[in-house]
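The data block below is run09.cif; it holds mmCIF, C-alpha atoms.
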```
data_query
#
loop_
_atom_site.group_PDB
_atom_site.id
_atom_site.type_symbol
_atom_site.label_atom_id
_atom_site.label_comp_id
_atom_site.auth_asym_id
_atom_site.auth_seq_id
_atom_site.Cartn_x
_atom_site.Cartn_y
_atom_site.Cartn_z
ATOM 1 C CA MET A 1 0.000 0.000 0.000
ATOM 2 C CA ARG A 2 1.238 3.478 -0.860
ATOM 3 C CA SER A 3 1.954 6.053 1.826
ATOM 4 C CA ALA A 4 -1.012 7.563 3.637
ATOM 5 C CA GLU A 5 -0.129 11.043 2.388
ATOM 6 C CA LEU A 6 0.044 9.965 -1.255
ATOM 7 C CA ARG A 7 -3.173 7.971 -1.029
ATOM 8 C CA ALA A 8 -5.015 10.896 0.578
ATOM 9 C CA LYS A 9 -3.785 13.306 -2.107
ATOM 10 C CA THR A 10 -4.772 10.932 -4.905
ATOM 11 C CA GLU A 11 -8.250 10.457 -3.436
ATOM 12 C CA ALA A 12 -8.709 14.206 -2.928
ATOM 13 C CA ASP A 13 -7.554 15.038 -6.469
ATOM 14 C CA PHE A 14 -9.810 12.390 -8.011
ATOM 15 C CA HIS A 15 -12.924 13.449 -6.131
ATOM 16 C CA ASN A 16 -12.242 17.151 -6.614
ATOM 17 C CA SER A 17 -12.072 16.482 -10.351
ATOM 18 C CA ALA A 18 -15.259 14.444 -10.201
ATOM 19 C CA TYR A 19 -17.181 17.202 -8.448
ATOM 20 C CA GLU A 20 -15.796 19.823 -10.828
ATOM 21 C CA GLY A 21 -17.012 17.786 -13.795
ATOM 22 C CA LYS A 22 -13.603 16.643 -15.071
ATOM 23 C CA VAL A 23 -14.485 13.070 -14.193
ATOM 24 C CA ARG A 24 -18.087 12.275 -14.971
ATOM 25 C CA LYS A 25 -19.644 9.394 -13.130
ATOM 26 C CA THR A 26 -22.564 8.608 -15.386
ATOM 27 C CA ALA A 27 -25.760 7.107 -14.022
ATOM 28 C CA SER A 28 -25.861 3.372 -14.522
ATOM 29 C CA SER A 29 -28.534 0.713 -14.158
ATOM 30 C CA PHE A 30 -26.088 -1.032 -11.821
ATOM 31 C CA TYR A 31 -26.783 1.577 -9.170
ATOM 32 C CA GLU A 32 -30.545 1.214 -9.457
ATOM 33 C CA LEU A 33 -29.994 -2.173 -7.828
ATOM 34 C CA MET A 34 -28.918 -0.349 -4.656
ATOM 35 C CA ASP A 35 -32.541 0.383 -3.767
ATOM 36 C CA ASN A 36 -32.782 -2.624 -1.419
ATOM 37 C CA CYS A 37 -29.729 -1.830 0.699
ATOM 38 C CA SER A 38 -30.392 1.918 0.519
ATOM 39 C CA ARG A 39 -33.835 1.394 2.038
ATOM 40 C CA TYR A 40 -32.334 -0.599 4.899
ATOM 41 C CA TYR A 41 -29.623 2.035 5.395
ATOM 42 C CA ARG A 42 -32.085 4.920 5.588
ATOM 43 C CA GLN A 43 -34.466 3.016 7.824
ATOM 44 C CA PHE A 44 -31.611 2.261 10.230
ATOM 45 C CA LEU A 45 -30.647 5.941 10.281
ATOM 46 C CA LYS A 46 -34.253 7.023 10.826
ATOM 47 C CA VAL A 47 -34.655 4.704 13.803
ATOM 48 C CA HIS A 48 -31.362 5.700 15.438
ATOM 49 C CA CYS A 49 -30.792 9.378 14.621
ATOM 50 C CA ALA A 50 -33.402 11.345 16.573
ATOM 51 C CA GLY A 51 -31.791 13.556 19.197
ATOM 52 C CA LYS A 52 -28.329 12.216 18.339
ATOM 53 C CA ARG A 53 -25.018 13.637 17.140
ATOM 54 C CA VAL A 54 -24.288 12.148 13.740
ATOM 55 C CA LEU A 55 -21.117 12.009 11.637
ATOM 56 C CA GLU A 56 -21.408 11.243 7.921
ATOM 57 C CA TYR A 57 -18.423 10.090 5.883
ATOM 58 C CA GLY A 58 -18.712 11.607 2.407
ATOM 59 C CA CYS A 59 -20.851 14.754 2.544
ATOM 60 C CA GLY A 60 -20.894 15.462 -1.180
ATOM 61 C CA GLU A 61 -23.340 14.116 -3.751
ATOM 62 C CA ASN A 62 -26.065 11.834 -2.300
ATOM 63 C CA SER A 63 -25.389 12.931 1.276
ATOM 64 C CA VAL A 64 -28.103 11.956 3.761
ATOM 65 C CA ALA A 65 -27.794 15.290 5.605
ATOM 66 C CA PRO A 66 -31.287 16.527 4.596
ATOM 67 C CA PHE A 67 -32.801 13.153 5.519
ATOM 68 C CA LEU A 68 -31.113 13.156 8.934
ATOM 69 C CA LEU A 69 -32.046 16.753 9.683
ATOM 70 C CA ASN A 70 -35.660 16.060 8.769
ATOM 71 C CA ASN A 71 -35.645 13.122 11.174
ATOM 72 C CA GLY A 72 -34.549 15.019 14.259
ATOM 73 C CA VAL A 73 -30.774 14.816 14.702
ATOM 74 C CA SER A 74 -29.492 17.166 17.385
ATOM 75 C CA SER A 75 -26.411 17.937 15.275
ATOM 76 C CA TYR A 76 -24.898 16.756 12.010
ATOM 77 C CA VAL A 77 -21.234 16.757 10.953
ATOM 78 C CA GLY A 78 -20.190 15.876 7.416
ATOM 79 C CA ILE A 79 -16.620 15.181 6.345
ATOM 80 C CA ASP A 80 -15.073 14.612 2.929
ATOM 81 C CA ILE A 81 -11.569 14.287 1.535
ATOM 82 C CA SER A 82 -12.659 16.604 -1.305
ATOM 83 C CA SER A 83 -12.601 20.337 -0.618
ATOM 84 C CA VAL A 84 -14.885 20.829 -3.636
ATOM 85 C CA ALA A 85 -17.462 18.478 -2.107
ATOM 86 C CA VAL A 86 -17.343 20.370 1.180
ATOM 87 C CA ASP A 87 -17.744 23.697 -0.628
ATOM 88 C CA GLU A 88 -20.803 22.334 -2.427
ATOM 89 C CA ALA A 89 -22.213 21.024 0.858
ATOM 90 C CA GLU A 90 -21.761 24.445 2.450
ATOM 91 C CA LYS A 91 -23.683 26.054 -0.423
ATOM 92 C CA SER A 92 -26.474 23.501 -0.053
ATOM 93 C CA ARG A 93 -26.681 24.175 3.675
ATOM 94 C CA GLU A 94 -27.092 27.905 3.113
ATOM 95 C CA GLY A 95 -30.104 27.324 0.877
ATOM 96 C CA GLY A 96 -31.556 24.340 2.673
ATOM 97 C CA GLY A 97 -33.571 26.032 5.395
ATOM 98 C CA HIS A 98 -31.954 24.102 8.243
ATOM 99 C CA PRO A 99 -30.559 25.806 11.369
ATOM 100 C CA VAL A 100 -26.891 26.531 10.668
ATOM 101 C CA ASP A 101 -25.865 25.717 14.231
ATOM 102 C CA ARG A 102 -26.952 22.090 13.750
ATOM 103 C CA VAL A 103 -24.746 21.479 10.707
ATOM 104 C CA LYS A 104 -20.946 21.510 10.289
ATOM 105 C CA TYR A 105 -18.736 20.437 7.391
ATOM 106 C CA HIS A 106 -15.001 19.694 7.385
ATOM 107 C CA VAL A 107 -12.405 18.647 4.829
ATOM 108 C CA MET A 108 -10.903 15.671 6.629
ATOM 109 C CA ASN A 109 -9.101 12.358 6.199
ATOM 110 C CA ALA A 110 -11.220 9.581 7.707
ATOM 111 C CA GLU A 111 -8.066 7.683 8.698
ATOM 112 C CA ALA A 112 -7.182 10.482 11.158
ATOM 113 C CA LEU A 113 -10.367 12.105 12.431
ATOM 114 C CA GLU A 114 -9.889 15.493 14.058
ATOM 115 C CA PHE A 115 -12.512 14.921 16.752
ATOM 116 C CA GLU A 116 -12.264 14.057 20.432
ATOM 117 C CA ASP A 117 -12.977 10.573 21.709
ATOM 118 C CA ASN A 118 -16.671 9.697 22.169
ATOM 119 C CA SER A 119 -17.901 12.551 19.971
ATOM 120 C CA PHE A 120 -20.778 10.877 18.105
ATOM 121 C CA ASP A 121 -23.801 8.684 18.747
ATOM 122 C CA LEU A 122 -24.122 7.569 15.135
ATOM 123 C CA ILE A 123 -21.582 7.356 12.263
ATOM 124 C CA CYS A 124 -22.550 6.489 8.700
ATOM 125 C CA GLY A 125 -21.294 6.364 5.132
ATOM 126 C CA VAL A 126 -21.756 4.730 1.735
ATOM 127 C CA ALA A 127 -18.861 3.305 -0.305
ATOM 128 C CA ILE A 128 -16.218 5.064 1.798
ATOM 129 C CA LEU A 129 -14.359 2.462 3.858
ATOM 130 C CA HIS A 130 -13.078 0.556 0.824
ATOM 131 C CA HIS A 131 -10.988 3.622 -0.042
ATOM 132 C CA LEU A 132 -9.237 3.570 3.340
ATOM 133 C CA ASP A 133 -6.633 1.748 5.385
ATOM 134 C CA LEU A 134 -9.193 -0.318 7.286
ATOM 135 C CA GLU A 135 -7.146 -0.861 10.421
ATOM 136 C CA LYS A 136 -6.879 2.916 10.871
ATOM 137 C CA ALA A 137 -10.451 3.562 9.770
ATOM 138 C CA TYR A 138 -12.035 1.039 12.137
ATOM 139 C CA SER A 139 -9.905 2.304 15.001
ATOM 140 C CA GLU A 140 -10.960 5.902 14.390
ATOM 141 C CA ILE A 141 -14.641 5.003 14.180
ATOM 142 C CA ALA A 142 -14.393 3.109 17.466
ATOM 143 C CA ARG A 143 -12.491 5.953 19.109
ATOM 144 C CA THR A 144 -14.980 8.665 18.180
ATOM 145 C CA LEU A 145 -18.139 6.586 18.663
ATOM 146 C CA ARG A 146 -19.791 6.909 22.043
ATOM 147 C CA PRO A 147 -20.481 3.810 24.160
ATOM 148 C CA GLY A 148 -23.934 2.610 23.164
ATOM 149 C CA GLY A 149 -23.597 4.239 19.749
ATOM 150 C CA ALA A 150 -23.657 2.586 16.332
ATOM 151 C CA ALA A 151 -22.008 2.959 12.937
ATOM 152 C CA ILE A 152 -23.481 1.792 9.643
ATOM 153 C CA PHE A 153 -21.752 1.562 6.260
ATOM 154 C CA LEU A 154 -22.594 0.143 2.837
ATOM 155 C CA GLU A 155 -19.551 -1.241 1.019
ATOM 156 C CA PRO A 156 -18.875 -3.195 -2.192
ATOM 157 C CA LEU A 157 -17.543 -6.746 -2.109
ATOM 158 C CA ALA A 158 -14.668 -8.075 -4.210
ATOM 159 C CA TYR A 159 -15.737 -11.537 -5.399
ATOM 160 C CA ASN A 160 -18.508 -11.297 -7.997
ATOM 161 C CA PRO A 161 -16.985 -11.933 -11.464
ATOM 162 C CA PHE A 162 -19.676 -9.943 -13.277
ATOM 163 C CA ILE A 163 -19.114 -6.868 -11.095
ATOM 164 C CA ASN A 164 -15.356 -7.307 -11.426
ATOM 165 C CA LEU A 165 -15.702 -7.292 -15.224
ATOM 166 C CA TYR A 166 -17.631 -4.022 -14.972
ATOM 167 C CA ARG A 167 -14.849 -2.608 -12.773
ATOM 168 C CA ARG A 168 -12.194 -3.582 -15.297
ATOM 169 C CA LEU A 169 -14.169 -1.938 -18.109
ATOM 170 C CA THR A 170 -14.616 1.338 -16.194
ATOM 171 C CA PRO A 171 -11.247 2.116 -14.580
ATOM 172 C CA HIS A 172 -11.863 5.869 -14.967
ATOM 173 C CA LEU A 173 -14.610 5.601 -12.324
ATOM 174 C CA ARG A 174 -12.184 4.290 -9.715
ATOM 175 C CA THR A 175 -9.185 5.476 -7.727
ATOM 176 C CA PRO A 176 -5.980 3.390 -7.719
ATOM 177 C CA ASP A 177 -6.136 2.611 -4.007
ATOM 178 C CA GLU A 178 -9.741 1.580 -3.555
ATOM 179 C CA HIS A 179 -10.198 -2.067 -2.637
ATOM 180 C CA PRO A 180 -13.638 -3.748 -2.550
ATOM 181 C CA PHE A 181 -14.117 -5.698 0.656
ATOM 182 C CA LEU A 182 -12.778 -9.182 1.201
ATOM 183 C CA MET A 183 -14.356 -11.339 3.885
ATOM 184 C CA ARG A 184 -11.271 -10.796 6.025
ATOM 185 C CA ASP A 185 -11.912 -7.044 5.872
ATOM 186 C CA ILE A 186 -15.267 -7.618 7.536
ATOM 187 C CA LYS A 187 -13.636 -9.905 10.085
ATOM 188 C CA MET A 188 -11.080 -7.179 10.840
ATOM 189 C CA ALA A 189 -13.846 -5.001 12.272
ATOM 190 C CA GLU A 190 -14.052 -7.373 15.244
ATOM 191 C CA SER A 191 -10.731 -6.012 16.475
ATOM 192 C CA SER A 192 -12.397 -2.625 17.073
ATOM 193 C CA PHE A 193 -16.025 -3.528 17.802
ATOM 194 C CA GLY A 194 -17.757 -5.994 20.065
ATOM 195 C CA GLY A 195 -20.706 -6.120 17.677
ATOM 196 C CA VAL A 196 -20.412 -6.575 13.899
ATOM 197 C CA GLU A 197 -23.665 -7.276 12.038
ATOM 198 C CA THR A 198 -23.719 -7.871 8.287
ATOM 199 C CA ARG A 199 -26.349 -8.121 5.574
ATOM 200 C CA PHE A 200 -25.620 -8.999 1.955
ATOM 201 C CA TYR A 201 -27.310 -7.655 -1.173
ATOM 202 C CA ASN A 202 -27.481 -8.220 -4.923
ATOM 203 C CA LEU A 203 -26.418 -11.517 -6.413
ATOM 204 C CA PHE A 204 -29.269 -12.854 -8.539
ATOM 205 C CA THR A 205 -30.746 -9.353 -8.723
ATOM 206 C CA LEU A 206 -27.951 -8.604 -11.191
ATOM 207 C CA LEU A 207 -29.949 -10.662 -13.705
ATOM 208 C CA SER A 208 -32.645 -7.989 -13.654
ATOM 209 C CA LEU A 209 -30.286 -5.732 -15.600
ATOM 210 C CA VAL A 210 -31.448 -7.462 -18.789
ATOM 211 C CA SER A 211 -34.739 -5.575 -18.314
ATOM 212 C CA SER A 212 -33.200 -2.216 -17.384
ATOM 213 C CA ARG A 213 -35.028 0.842 -18.724
ATOM 214 C CA THR A 214 -38.234 -1.177 -19.061
ATOM 215 C CA SER A 215 -41.313 -1.363 -16.842
ATOM 216 C CA LEU A 216 -40.387 -4.955 -15.989
ATOM 217 C CA PHE A 217 -37.148 -3.946 -14.263
ATOM 218 C CA PRO A 218 -38.480 -2.982 -10.790
ATOM 219 C CA VAL A 219 -40.758 -6.031 -10.666
ATOM 220 C CA LEU A 220 -37.969 -8.416 -11.641
ATOM 221 C CA ARG A 221 -35.539 -6.690 -9.266
ATOM 222 C CA ARG A 222 -37.893 -7.095 -6.293
ATOM 223 C CA GLY A 223 -38.545 -10.757 -7.117
ATOM 224 C CA LEU A 224 -34.858 -11.577 -7.461
ATOM 225 C CA ASP A 225 -34.129 -9.669 -4.252
ATOM 226 C CA ARG A 226 -36.379 -12.171 -2.450
ATOM 227 C CA VAL A 227 -34.428 -14.970 -4.124
ATOM 228 C CA ASP A 228 -31.179 -13.449 -2.890
ATOM 229 C CA ARG A 229 -32.411 -13.290 0.698
ATOM 230 C CA GLY A 230 -33.423 -16.935 0.596
ATOM 231 C CA VAL A 231 -30.149 -18.068 -0.984
ATOM 232 C CA PHE A 232 -28.008 -16.087 1.477
ATOM 233 C CA ASN A 233 -29.927 -17.596 4.408
ATOM 234 C CA CYS A 234 -29.708 -21.159 3.114
ATOM 235 C CA CYS A 235 -26.191 -21.053 1.688
ATOM 236 C CA PRO A 236 -23.952 -18.605 3.592
ATOM 237 C CA PRO A 237 -20.831 -19.291 1.436
ATOM 238 C CA LEU A 238 -22.593 -17.574 -1.473
ATOM 239 C CA ARG A 239 -22.809 -14.315 0.459
ATOM 240 C CA ARG A 240 -19.319 -13.335 -0.663
ATOM 241 C CA TYR A 241 -20.586 -13.100 -4.255
ATOM 242 C CA ALA A 242 -23.049 -10.367 -3.353
ATOM 243 C CA TRP A 243 -22.301 -6.916 -4.699
ATOM 244 C CA THR A 244 -22.843 -5.016 -1.451
ATOM 245 C CA VAL A 245 -22.571 -5.637 2.287
ATOM 246 C CA SER A 246 -24.018 -3.499 5.057
ATOM 247 C CA LEU A 247 -21.960 -3.280 8.239
ATOM 248 C CA VAL A 248 -23.492 -2.274 11.558
ATOM 249 C CA LEU A 249 -20.758 -1.717 14.131
ATOM 250 C CA THR A 250 -21.561 -1.470 17.849
ATOM 251 C CA SER A 251 -19.833 -1.793 21.245
ATOM 252 C CA PRO A 252 -16.655 0.113 20.279
ATOM 253 C CA LEU A 253 -13.457 -1.217 21.838
ATOM 254 C CA LYS A 254 -11.436 1.797 22.954
ATOM 255 C CA SER A 255 -7.670 1.962 22.713
ATOM 256 C CA ALA A 256 -5.546 2.326 25.831
ATOM 257 C CA SER A 257 -4.347 5.811 24.801
ATOM 258 C CA PRO A 258 -7.180 8.299 24.184
ATOM 259 C CA ARG A 259 -6.485 11.033 21.650
ATOM 260 C CA VAL A 260 -7.518 14.685 21.776
ATOM 261 C CA PHE A 261 -7.266 16.744 18.620
ATOM 262 C CA VAL A 262 -6.701 20.455 19.009
ATOM 263 C CA GLY A 263 -7.655 22.936 16.299
ATOM 264 C CA LYS A 264 -5.740 25.968 15.102
ATOM 265 C CA ALA A 265 -7.382 28.190 17.686
ATOM 266 C CA GLY A 266 -6.207 25.922 20.501
ATOM 267 C CA SER A 267 -9.552 24.210 21.102
ATOM 268 C CA PRO A 268 -10.877 20.819 20.012
ATOM 269 C CA THR A 269 -12.281 20.718 16.493
ATOM 270 C CA GLU A 270 -15.734 22.246 16.517
ATOM 271 C CA LEU A 271 -18.615 19.862 16.035
#
```
Encoded form (structure tokens):
Amino acid sequence: MRSAELRAKTEADFHNSAYEGKVRKTASSFYELMDNCSRYYRQFLKVHCAGKRVLEYGCGENSVAPFLLNNGVSSYVGIDISSVAVDEAEKSREGGGHPVDRVKYHVMNAEALEFEDNSFDLICGVAILHHLDLEKAYSEIARTLRPGGAAIFLEPLAYNPFINLYRRLTPHLRTPDEHPFLMRDIKMAESSFGGVETRFYNLFTLLSLVSSRTSLFPVLRRGLDRVDRGVFNCCPPLRRYAWTVSLVLTSPLKSASPRVFVGKAGSPTEL
């Protein structure tokens, strides 16, 4: 793995270019398959966010900030490696009608969070962790998550040959250091959390792509989603061939040496 500094710069440059329009991530029928795991993700957030302090990894396009604010969070913090994404988020906040004192954005590397220990009740993100050094990322989530809190992430898996073919055909949509999850990456979370709950999505639902852009697509997708749930329950080894896994992380295991980050003004980073 390349140095942390080089990886962070590469990620920032790529995503800055993407948000500025130099790299165009076109809409794809692949991502319409995310409806099943996205519904679970949002329902989890809705149940757990009211009155809580929430940190979102990746506050640019498709951020859940409006959703969280409409469901009663006490405060929301969004971070992103891309300064362009954070600038866009700030502009959206100004025109969004939400109290400014409940929302903060920061350009930040998720491998070295600039927050005090036990800062958040809920941490969330979509397709973020597979860009990171997972040992550092898990440790930082556990450090900043309050006892009794929870983190939820949706991440891609590495094993499906059809998805891997799509990845090989679209290298311009990826950064050089991203690494879809292996099963051992999920297992690694147990070193930082007492509770690791997983759900797997989209194996046979990939077949519904033959009907994309037709009225049959949502019907076929829902039917094959039920097939996936049955197959994953009956044959756990096939779970690795899913496209996406949801991770719910609870009971953070704190390190022996707590860390306090101090901002430029001499006080901990403002939430």
Exercise for the section: Excluding A:Ser211 and residues on its chain fewer than 4 positions from it, collect all residues at most 10 Å away from it, counting all atoms listed in the file, and give them as an NGL selection string. Expected result: :A and (29 or 207 or 215-221)
Exercise for the section: Fewer than 2 positions away in the same chain doesn't count, so skip those; otherwise give me all residues within 10 Å of A:Ile128, counting all atoms listed in the file, as a PyMOL selection string. Expected result: chain A and resi 57-58+80+110+124-126+130-132+137+153-156+178
Practice task
Name the residues that the PyMOL selection byres ((chain A and resi 181) around 12) picks from the file above, as a PyMOL selection string, using the file's chain letters and numbers.
Solution key: chain A and resi 127-134+153-160+178-180+182-189+240-247
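Using all atoms listed in the file, the shortest contact distance between A:Leu203 and any of A:Cys234, A:Ala151, A:Arg39, A:Leu33 is found at A:Leu33.
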Handout entry: For A:Asn71: contacts at 12 Å, all atoms listed in the file, fewer than 4 positions along chain excluded, given as a ChimeraX atom specification
Key = /A:42-52,54,64-67,75-76,98
Practice task
May I ask which of the residues A:His106, A:Arg174, A:Arg239, A:Lys254 is the closest one to A:Ser139, counting all atoms listed in the file?
Solution key: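 Closest residue, counting all atoms listed in the file: A:Lys254.
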Fill in the blank from the handout: Here atom CA of A:Ser74 and atom CA of A:Val248 stand apart by 21.2 Å
Taking all listed atoms of stretch 133-144 of chain A, build the axis-aligned box, pad each of the six sides by 3 Å, then write its centre and edge lengths in Å to one decimal as AutoDock Vina command-line options.
```
--center_x -10.8 --center_y 3.9 --center_z 12.2 --size_x 14.3 --size_y 15.5 --size_z 19.7
```
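Compared by their closest atoms to A:Glu190, and using only C-alpha atoms, the residues A:Ile152, A:Leu249, A:Leu209, A:Ile163 rank with A:Leu249 nearest.
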